[in-house]
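The structure under discussion appears below in the form of structure tokens.
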Amino acid sequence: MKNILIVFGTRPEAIKMCPLVKELKKDKSIQTVVCVTGQHREMLDQVLHIFHIEPDYDMNIMIQNQTLSNITMRIFENIQKIIEEEKPDIVLVHGDTTTAFAVSLVCFYAGIRVGHVEAGLRTYNLASPYPEEFNRQVIDLVSDIYFAPTEHARENLVKEGKPTERIYVTGNTVIDALKTTVRSDYENEHLKWAQDSRLILLTAHRRENLGDLMRNMFGALKRVVQEFPDIKVIYPVHKNPLVREIADEVFAGTDRIKMIEPLNMVDFHNFMARSYLVLTDSGGIQEEAPSLGKPVLVMRNTTERPEGIEAGTIKLVGTQEDRIYPEIKKLLSDEKVYEEMSRAVNPYGDGKASERIVRILSGKEKI
Ligand code: UD1
Ligand code: UDP
């Protein structure tokens, strides 16, 4: 029997790994052990709860205002023992977080094979997103099997000289989850509050944007809200205290901007489906919103997810107020621009990525 250890620690990793855990557990030729680092706590637990997944190991490492070194060291201390105990044939990590980086490095030292889910995403700019671009390049350097979500991601890996026979284009597992969450009869009190208005759904959390850049972004949106009386904003605020401080400072007293706690995945997907547009610096949201036909303005200068830009549903608007403000305004005022960005497209697969990954891992497709 093949012994697979699957490790994740943050909200976005959980959203994309839980569908895979479910699929792995259906395969009787595989023993699946689930380990969470707890790099996130509440935001991770929300996802585990939705998927009814009880991890076999929980490192519970999160501390308030943790540094990248804190996270890395605490994972190093914990993962070695778990690997020795479980002796996995392969360890699966996801994406570009410090959890995925630290775990894959320890596996490399221990001579254990790494399978990278969502491999091959690149900006080739180590400062953006920071430190995620570094993490994903290092993870791909030590990985043995690459599950690339798109052809574009596969091409990045091929250009870097990764062995083509170990790269599989699977689609993104986030679409597996999205297929089951959006419902036409969904109701929520926050959505009722916004039902007489055009709703902007906001998220922002990137480490490299903390500080003045984030203040700029929020300032741009505040100006727009003051100018357009038919706009309401819902902002599920990330748990990071540094984000909360800036949000409170800029948005205090603005009654058409509603700050709420992070939504669980099902709620968030339904909020996205009801929104007029999405304003974000998130990675994962760039993959989800296009399939719902929602325009996304991305408050970043780079993206490792060019597929949505090519399809025309995503636009990079940078991090400066004097650029973000006119871009939001244009989308709200110009119907033609809005319609062009509202096409539903799905570059991230058919919702069967997890099935494909399990077939590959169980040897039903050659590795
Ligand atoms: C991490 C990932 C980032 C991902 C993001 C998703 C890295 C380097 N970054 O960044 O790629 O986009 O998660 O959200 O891995 N906190 C809580 N409760 C929670 C979660 C966070 O209180 O459930 C607070 C803690 O004070 C923590 C801080 O948020 O110290 C920051 O969390 P951290 O995981 O270090 O960074 P993120 O910005 O969330
Ligand atoms: N998300 C969520 N609740 C929220 C905001 C986002 O469940 O309140 C989900 C969203 O659907 C997406 C993921 O979180 O799947 C994106 O995570 P995040 O933006 O934190 O990280 P990133 O994708 O930038 O790494």
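Labeling convention for the structure tokens: chains A, B, ... as they appear, residues from 1 per chain, ligands from 1 in order of appearance.
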
Using only C-alpha atoms and all ligand atoms, I'd like a table of the residues in chain A that come within 8 Å of ligand 2; for each, show the closest atom pair and its distance in Å rounded to one decimal, ordered by chain and ascending number, as a tab-separated table.
```
residue	atom	partner	partner_atom_place_in_ligand_line	distance
A:Thr10	CA	ligand 2	20 (O)	7.8
A:Arg11	CA	ligand 2	17 (O)	5.9
A:Pro12	CA	ligand 2	17 (O)	4.3
A:Glu13	CA	ligand 2	25 (O)	7.5
A:Ile15	CA	ligand 2	15 (O)	5.9
A:Lys16	CA	ligand 2	15 (O)	7.5
A:Met43	CA	ligand 2	3 (N)	7.9
A:Val47	CA	ligand 2	7 (O)	7.5
A:Asp96	CA	ligand 2	25 (O)	7.8
A:Thr97	CA	ligand 2	25 (O)	7.6
A:Val174	CA	ligand 2	15 (O)	6.8
A:Thr203	CA	ligand 2	5 (C)	6.5
A:Ala204	CA	ligand 2	19 (O)	7.2
A:His205	CA	ligand 2	20 (O)	7.1
A:Arg206	CA	ligand 2	24 (O)	7.1
A:Tyr235	CA	ligand 2	8 (O)	7.8
A:Pro236	CA	ligand 2	8 (O)	4.7
A:Val237	CA	ligand 2	8 (O)	6.9
A:His238	CA	ligand 2	8 (O)	7.1
A:Glu261	CA	ligand 2	8 (O)	7.1
A:Pro262	CA	ligand 2	8 (O)	3.7
A:Leu263	CA	ligand 2	8 (O)	3.8
A:Asn264	CA	ligand 2	7 (O)	4.7
A:Met265	CA	ligand 2	7 (O)	3.4
A:Val266	CA	ligand 2	7 (O)	7.0
A:Asp267	CA	ligand 2	7 (O)	7.3
A:Phe268	CA	ligand 2	3 (N)	5.0
A:His269	CA	ligand 2	11 (O)	5.6
A:Thr280	CA	ligand 2	19 (O)	7.9
A:Asp281	CA	ligand 2	24 (O)	6.6
A:Ser282	CA	ligand 2	24 (O)	3.4
A:Gly283	CA	ligand 2	24 (O)	3.7
A:Gly284	CA	ligand 2	23 (O)	3.4
A:Ile285	CA	ligand 2	12 (C)	5.0
A:Gln286	CA	ligand 2	23 (O)	7.9
A:Glu288	CA	ligand 2	11 (O)	6.9
```

Output N, CA and C atoms for every residue in that selection, as a short mmCIF file (atom, residue, chain, number, x, y, z; two decimals), in the first residue's frame.
```cif
data_model
loop_
_atom_site.label_atom_id
_atom_site.label_comp_id
_atom_site.auth_asym_id
_atom_site.auth_seq_id
_atom_site.Cartn_x
_atom_site.Cartn_y
_atom_site.Cartn_z
N THR A 10 -2.51 26.80 5.70
CA THR A 10 -3.22 28.07 5.60
C THR A 10 -4.58 27.85 4.92
N ARG A 11 -5.41 28.90 4.96
CA ARG A 11 -6.74 28.80 4.33
C ARG A 11 -6.67 28.40 2.85
N PRO A 12 -5.89 29.13 2.01
CA PRO A 12 -5.97 28.76 0.59
C PRO A 12 -5.46 27.35 0.30
N GLU A 13 -4.44 26.93 1.05
CA GLU A 13 -3.97 25.55 0.83
C GLU A 13 -5.07 24.56 1.20
N ILE A 15 -8.31 24.97 1.21
CA ILE A 15 -9.42 24.97 0.24
C ILE A 15 -9.06 24.11 -0.96
N LYS A 16 -7.78 24.10 -1.30
CA LYS A 16 -7.38 23.36 -2.50
C LYS A 16 -6.90 21.94 -2.20
N MET A 43 -8.79 30.49 10.39
CA MET A 43 -9.10 30.46 8.95
C MET A 43 -8.86 29.07 8.36
N VAL A 47 -12.12 25.86 7.16
CA VAL A 47 -12.13 25.00 5.96
C VAL A 47 -12.22 23.52 6.36
N ASP A 96 2.51 27.83 -2.48
CA ASP A 96 3.66 28.73 -2.28
C ASP A 96 3.79 29.29 -0.88
N THR A 97 3.17 28.63 0.09
CA THR A 97 3.22 29.19 1.44
C THR A 97 4.52 28.77 2.15
N VAL A 174 -9.14 23.89 -6.90
CA VAL A 174 -10.09 24.86 -6.36
C VAL A 174 -11.41 24.79 -7.13
N THR A 203 -11.04 41.89 -0.74
CA THR A 203 -10.12 41.20 0.18
C THR A 203 -8.72 41.77 -0.04
N ALA A 204 -7.92 41.78 1.02
CA ALA A 204 -6.54 42.27 0.90
C ALA A 204 -5.73 41.73 2.07
N HIS A 205 -4.58 41.19 1.79
CA HIS A 205 -3.76 40.67 2.89
C HIS A 205 -2.27 40.53 2.59
N ARG A 206 -1.81 40.75 1.36
CA ARG A 206 -0.44 40.40 1.00
C ARG A 206 0.59 41.08 1.89
N TYR A 235 -16.33 43.58 3.15
CA TYR A 235 -14.91 43.27 3.30
C TYR A 235 -14.72 42.27 4.44
N PRO A 236 -14.58 40.96 4.10
CA PRO A 236 -14.23 39.99 5.14
C PRO A 236 -12.74 40.18 5.46
N VAL A 237 -12.49 40.74 6.62
CA VAL A 237 -11.11 41.19 6.92
C VAL A 237 -10.25 40.00 7.35
N HIS A 238 -9.11 39.87 6.73
CA HIS A 238 -8.13 38.83 7.08
C HIS A 238 -7.78 38.94 8.56
N GLU A 261 -16.02 39.41 9.72
CA GLU A 261 -15.01 38.37 9.95
C GLU A 261 -14.82 37.54 8.66
N PRO A 262 -13.67 36.85 8.52
CA PRO A 262 -13.48 36.01 7.33
C PRO A 262 -14.67 35.07 7.15
N LEU A 263 -15.13 34.95 5.93
CA LEU A 263 -16.26 34.08 5.65
C LEU A 263 -15.76 32.66 5.45
N ASN A 264 -16.62 31.69 5.74
CA ASN A 264 -16.19 30.34 5.35
C ASN A 264 -16.29 30.22 3.83
N MET A 265 -15.66 29.19 3.31
CA MET A 265 -15.52 29.08 1.85
C MET A 265 -16.86 29.08 1.11
N VAL A 266 -17.84 28.39 1.66
CA VAL A 266 -19.14 28.31 0.99
C VAL A 266 -19.76 29.70 0.93
N ASP A 267 -19.73 30.41 2.06
CA ASP A 267 -20.28 31.77 2.08
C ASP A 267 -19.52 32.65 1.10
N PHE A 268 -18.19 32.56 1.14
CA PHE A 268 -17.40 33.45 0.28
C PHE A 268 -17.71 33.22 -1.20
N HIS A 269 -17.81 31.97 -1.59
CA HIS A 269 -18.11 31.68 -3.01
C HIS A 269 -19.48 32.26 -3.39
N THR A 280 -9.21 42.82 -5.09
CA THR A 280 -8.45 41.89 -4.24
C THR A 280 -6.96 41.94 -4.53
N ASP A 281 -6.15 41.44 -3.58
CA ASP A 281 -4.75 41.16 -3.89
C ASP A 281 -4.48 39.65 -3.74
N SER A 282 -5.55 38.89 -3.68
CA SER A 282 -5.44 37.44 -3.45
C SER A 282 -5.00 36.70 -4.71
N GLY A 283 -4.40 35.53 -4.50
CA GLY A 283 -4.07 34.67 -5.63
C GLY A 283 -5.25 33.82 -6.03
N GLY A 284 -5.80 33.09 -5.04
CA GLY A 284 -6.84 32.10 -5.33
C GLY A 284 -8.10 32.72 -5.92
N ILE A 285 -8.42 33.92 -5.48
CA ILE A 285 -9.65 34.55 -5.98
C ILE A 285 -9.54 34.84 -7.47
N GLN A 286 -8.34 35.03 -7.95
CA GLN A 286 -8.13 35.23 -9.40
C GLN A 286 -8.49 33.98 -10.20
N GLU A 288 -10.95 31.78 -9.06
CA GLU A 288 -12.37 31.42 -8.84
C GLU A 288 -13.33 32.36 -9.56
#
```

Nearby residues (only C-alpha atoms) at most 7 Å from stretch 105-114 of chain A, same-chain spacing under 6 positions excluded, as JSON, numbers by chain: {"A": [76, 80, 89, 90, 91, 92, 142, 143, 144, 145]}

Give me the residues within 7 Å of A:Pro295 as a PyMOL selection string, counting only C-alpha atoms and dropping any in the same chain fewer than 3 places off. chain A and resi 277-278+290+313-314+341-342

Identify, on the basis of only C-alpha atoms, every residue whose closest approach to A:Asp350 does not exceed 8 Å; exclude the query and any residue fewer than 3 positions from it along the same chain; express the result as a PDB file with N, CA and C atoms, in the first residue's frame.
```pdb
ATOM      1  N   GLY A 171      -5.482  20.657 -14.041  1.00  0.00           N
ATOM      2  CA  GLY A 171      -6.511  21.618 -13.631  1.00  0.00           C
ATOM      3  C   GLY A 171      -6.239  21.992 -12.180  1.00  0.00           C
ATOM      4  N   ILE A 175     -11.344  24.423  -8.392  1.00  0.00           N
ATOM      5  CA  ILE A 175     -12.569  24.334  -9.191  1.00  0.00           C
ATOM      6  C   ILE A 175     -13.396  23.126  -8.720  1.00  0.00           C
ATOM      7  N   ASP A 176     -12.708  22.097  -8.195  1.00  0.00           N
ATOM      8  CA  ASP A 176     -13.423  20.936  -7.645  1.00  0.00           C
ATOM      9  C   ASP A 176     -14.356  21.395  -6.537  1.00  0.00           C
ATOM     10  N   ASN A 346     -13.263  29.547 -17.915  1.00  0.00           N
ATOM     11  CA  ASN A 346     -12.677  28.649 -16.930  1.00  0.00           C
ATOM     12  C   ASN A 346     -11.371  28.038 -17.397  1.00  0.00           C
ATOM     13  N   ALA A 353      -9.686  17.861 -11.027  1.00  0.00           N
ATOM     14  CA  ALA A 353      -8.241  17.859 -10.793  1.00  0.00           C
ATOM     15  C   ALA A 353      -7.852  16.834  -9.726  1.00  0.00           C
TER      16      ALA A 353
END
```

Those of stretch 111-258 of chain A in DSSP strand (DSSP E), formatted as a list in words: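 After running DSSP on the backbone, stretch 111-258 of chain A has strand (DSSP E) at Arg113, Val114, Gly115, His116, Val117, Ile145, Tyr146, Phe147, Ala148, Ile167, Tyr168, Val169, Arg198, Leu199, Ile200, Leu201, Leu202, Thr203, Ile231, Lys232, Val233, Ile234, Tyr235, Pro236, Ile257 and Lys258 of chain A.
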
Selection above as a file: N, CA, C and O atoms, as an mmCIF file, in the first residue's frame:
```
data_model
loop_
_atom_site.group_PDB
_atom_site.id
_atom_site.type_symbol
_atom_site.label_atom_id
_atom_site.label_comp_id
_atom_site.auth_asym_id
_atom_site.auth_seq_id
_atom_site.Cartn_x
_atom_site.Cartn_y
_atom_site.Cartn_z
ATOM 1 N N ARG A 113 10.253 11.752 -1.312
ATOM 2 C CA ARG A 113 9.721 12.360 -2.535
ATOM 3 C C ARG A 113 8.641 13.397 -2.222
ATOM 4 O O ARG A 113 7.823 13.212 -1.320
ATOM 5 N N VAL A 114 8.664 14.478 -2.994
ATOM 6 C CA VAL A 114 7.683 15.556 -2.822
ATOM 7 C C VAL A 114 6.816 15.651 -4.075
ATOM 8 O O VAL A 114 7.331 15.657 -5.194
ATOM 9 N N GLY A 115 5.513 15.716 -3.861
ATOM 10 C CA GLY A 115 4.584 16.001 -4.965
ATOM 11 C C GLY A 115 4.046 17.401 -4.764
ATOM 12 O O GLY A 115 3.515 17.718 -3.704
ATOM 13 N N HIS A 116 4.206 18.240 -5.774
ATOM 14 C CA HIS A 116 3.795 19.641 -5.635
ATOM 15 C C HIS A 116 2.489 19.879 -6.382
ATOM 16 O O HIS A 116 2.445 19.788 -7.611
ATOM 17 N N VAL A 117 1.458 20.159 -5.603
ATOM 18 C CA VAL A 117 0.154 20.472 -6.194
ATOM 19 C C VAL A 117 0.123 21.985 -6.448
ATOM 20 O O VAL A 117 0.471 22.764 -5.568
ATOM 21 N N ILE A 145 7.306 15.139 -8.370
ATOM 22 C CA ILE A 145 6.136 15.082 -9.255
ATOM 23 C C ILE A 145 5.476 16.449 -9.236
ATOM 24 O O ILE A 145 5.286 17.045 -8.172
ATOM 25 N N TYR A 146 5.133 16.915 -10.422
ATOM 26 C CA TYR A 146 4.556 18.253 -10.548
ATOM 27 C C TYR A 146 3.123 18.142 -11.036
ATOM 28 O O TYR A 146 2.888 17.600 -12.122
ATOM 29 N N PHE A 147 2.190 18.671 -10.240
ATOM 30 C CA PHE A 147 0.802 18.747 -10.678
ATOM 31 C C PHE A 147 0.542 20.195 -11.083
ATOM 32 O O PHE A 147 0.265 21.046 -10.236
ATOM 33 N N ALA A 148 0.698 20.449 -12.375
ATOM 34 C CA ALA A 148 0.546 21.820 -12.882
ATOM 35 C C ALA A 148 -0.936 22.064 -13.173
ATOM 36 O O ALA A 148 -1.581 21.231 -13.801
ATOM 37 N N ILE A 167 5.731 15.854 -15.149
ATOM 38 C CA ILE A 167 4.809 17.002 -15.061
ATOM 39 C C ILE A 167 3.439 16.579 -15.587
ATOM 40 O O ILE A 167 3.338 16.042 -16.701
ATOM 41 N N TYR A 168 2.420 16.826 -14.819
ATOM 42 C CA TYR A 168 1.043 16.493 -15.230
ATOM 43 C C TYR A 168 0.181 17.746 -15.180
ATOM 44 O O TYR A 168 0.192 18.460 -14.178
ATOM 45 N N VAL A 169 -0.553 17.994 -16.244
ATOM 46 C CA VAL A 169 -1.502 19.114 -16.212
ATOM 47 C C VAL A 169 -2.845 18.560 -15.725
ATOM 48 O O VAL A 169 -3.435 17.685 -16.352
ATOM 49 N N ARG A 198 -25.052 47.986 -5.863
ATOM 50 C CA ARG A 198 -24.048 47.158 -6.543
ATOM 51 C C ARG A 198 -22.988 46.815 -5.490
ATOM 52 O O ARG A 198 -22.483 47.701 -4.796
ATOM 53 N N LEU A 199 -22.669 45.523 -5.398
ATOM 54 C CA LEU A 199 -21.783 45.072 -4.316
ATOM 55 C C LEU A 199 -20.345 44.886 -4.814
ATOM 56 O O LEU A 199 -20.099 44.163 -5.785
ATOM 57 N N ILE A 200 -19.427 45.562 -4.118
ATOM 58 C CA ILE A 200 -18.002 45.274 -4.339
ATOM 59 C C ILE A 200 -17.545 44.379 -3.194
ATOM 60 O O ILE A 200 -17.748 44.700 -2.023
ATOM 61 N N LEU A 201 -16.950 43.245 -3.558
ATOM 62 C CA LEU A 201 -16.394 42.345 -2.548
ATOM 63 C C LEU A 201 -14.890 42.606 -2.498
ATOM 64 O O LEU A 201 -14.214 42.545 -3.531
ATOM 65 N N LEU A 202 -14.407 42.926 -1.305
ATOM 66 C CA LEU A 202 -12.996 43.306 -1.146
ATOM 67 C C LEU A 202 -12.257 42.270 -0.308
ATOM 68 O O LEU A 202 -12.782 41.815 0.714
ATOM 69 N N THR A 203 -11.041 41.894 -0.739
ATOM 70 C CA THR A 203 -10.123 41.201 0.183
ATOM 71 C C THR A 203 -8.721 41.766 -0.042
ATOM 72 O O THR A 203 -8.394 42.201 -1.150
ATOM 73 N N ILE A 231 -23.209 52.128 -4.435
ATOM 74 C CA ILE A 231 -22.203 51.089 -4.169
ATOM 75 C C ILE A 231 -22.167 50.735 -2.684
ATOM 76 O O ILE A 231 -22.161 51.616 -1.831
ATOM 77 N N LYS A 232 -22.137 49.430 -2.412
ATOM 78 C CA LYS A 232 -21.820 48.981 -1.046
ATOM 79 C C LYS A 232 -20.660 47.986 -1.134
ATOM 80 O O LYS A 232 -20.526 47.271 -2.128
ATOM 81 N N VAL A 233 -19.860 47.987 -0.079
ATOM 82 C CA VAL A 233 -18.682 47.111 -0.058
ATOM 83 C C VAL A 233 -18.793 46.150 1.118
ATOM 84 O O VAL A 233 -19.115 46.573 2.233
ATOM 85 N N ILE A 234 -18.529 44.887 0.852
ATOM 86 C CA ILE A 234 -18.373 43.936 1.968
ATOM 87 C C ILE A 234 -16.917 43.485 1.975
ATOM 88 O O ILE A 234 -16.359 43.097 0.944
ATOM 89 N N TYR A 235 -16.330 43.577 3.153
ATOM 90 C CA TYR A 235 -14.907 43.265 3.296
ATOM 91 C C TYR A 235 -14.716 42.266 4.441
ATOM 92 O O TYR A 235 -14.706 42.649 5.604
ATOM 93 N N PRO A 236 -14.582 40.961 4.095
ATOM 94 C CA PRO A 236 -14.229 39.992 5.140
ATOM 95 C C PRO A 236 -12.742 40.180 5.459
ATOM 96 O O PRO A 236 -11.889 39.816 4.658
ATOM 97 N N ILE A 257 -19.311 50.708 3.778
ATOM 98 C CA ILE A 257 -18.256 49.673 3.732
ATOM 99 C C ILE A 257 -18.417 48.833 5.000
ATOM 100 O O ILE A 257 -18.264 49.337 6.116
ATOM 101 N N LYS A 258 -18.771 47.580 4.797
ATOM 102 C CA LYS A 258 -19.061 46.720 5.943
ATOM 103 C C LYS A 258 -17.905 45.745 6.144
ATOM 104 O O LYS A 258 -17.642 44.902 5.281
#
```
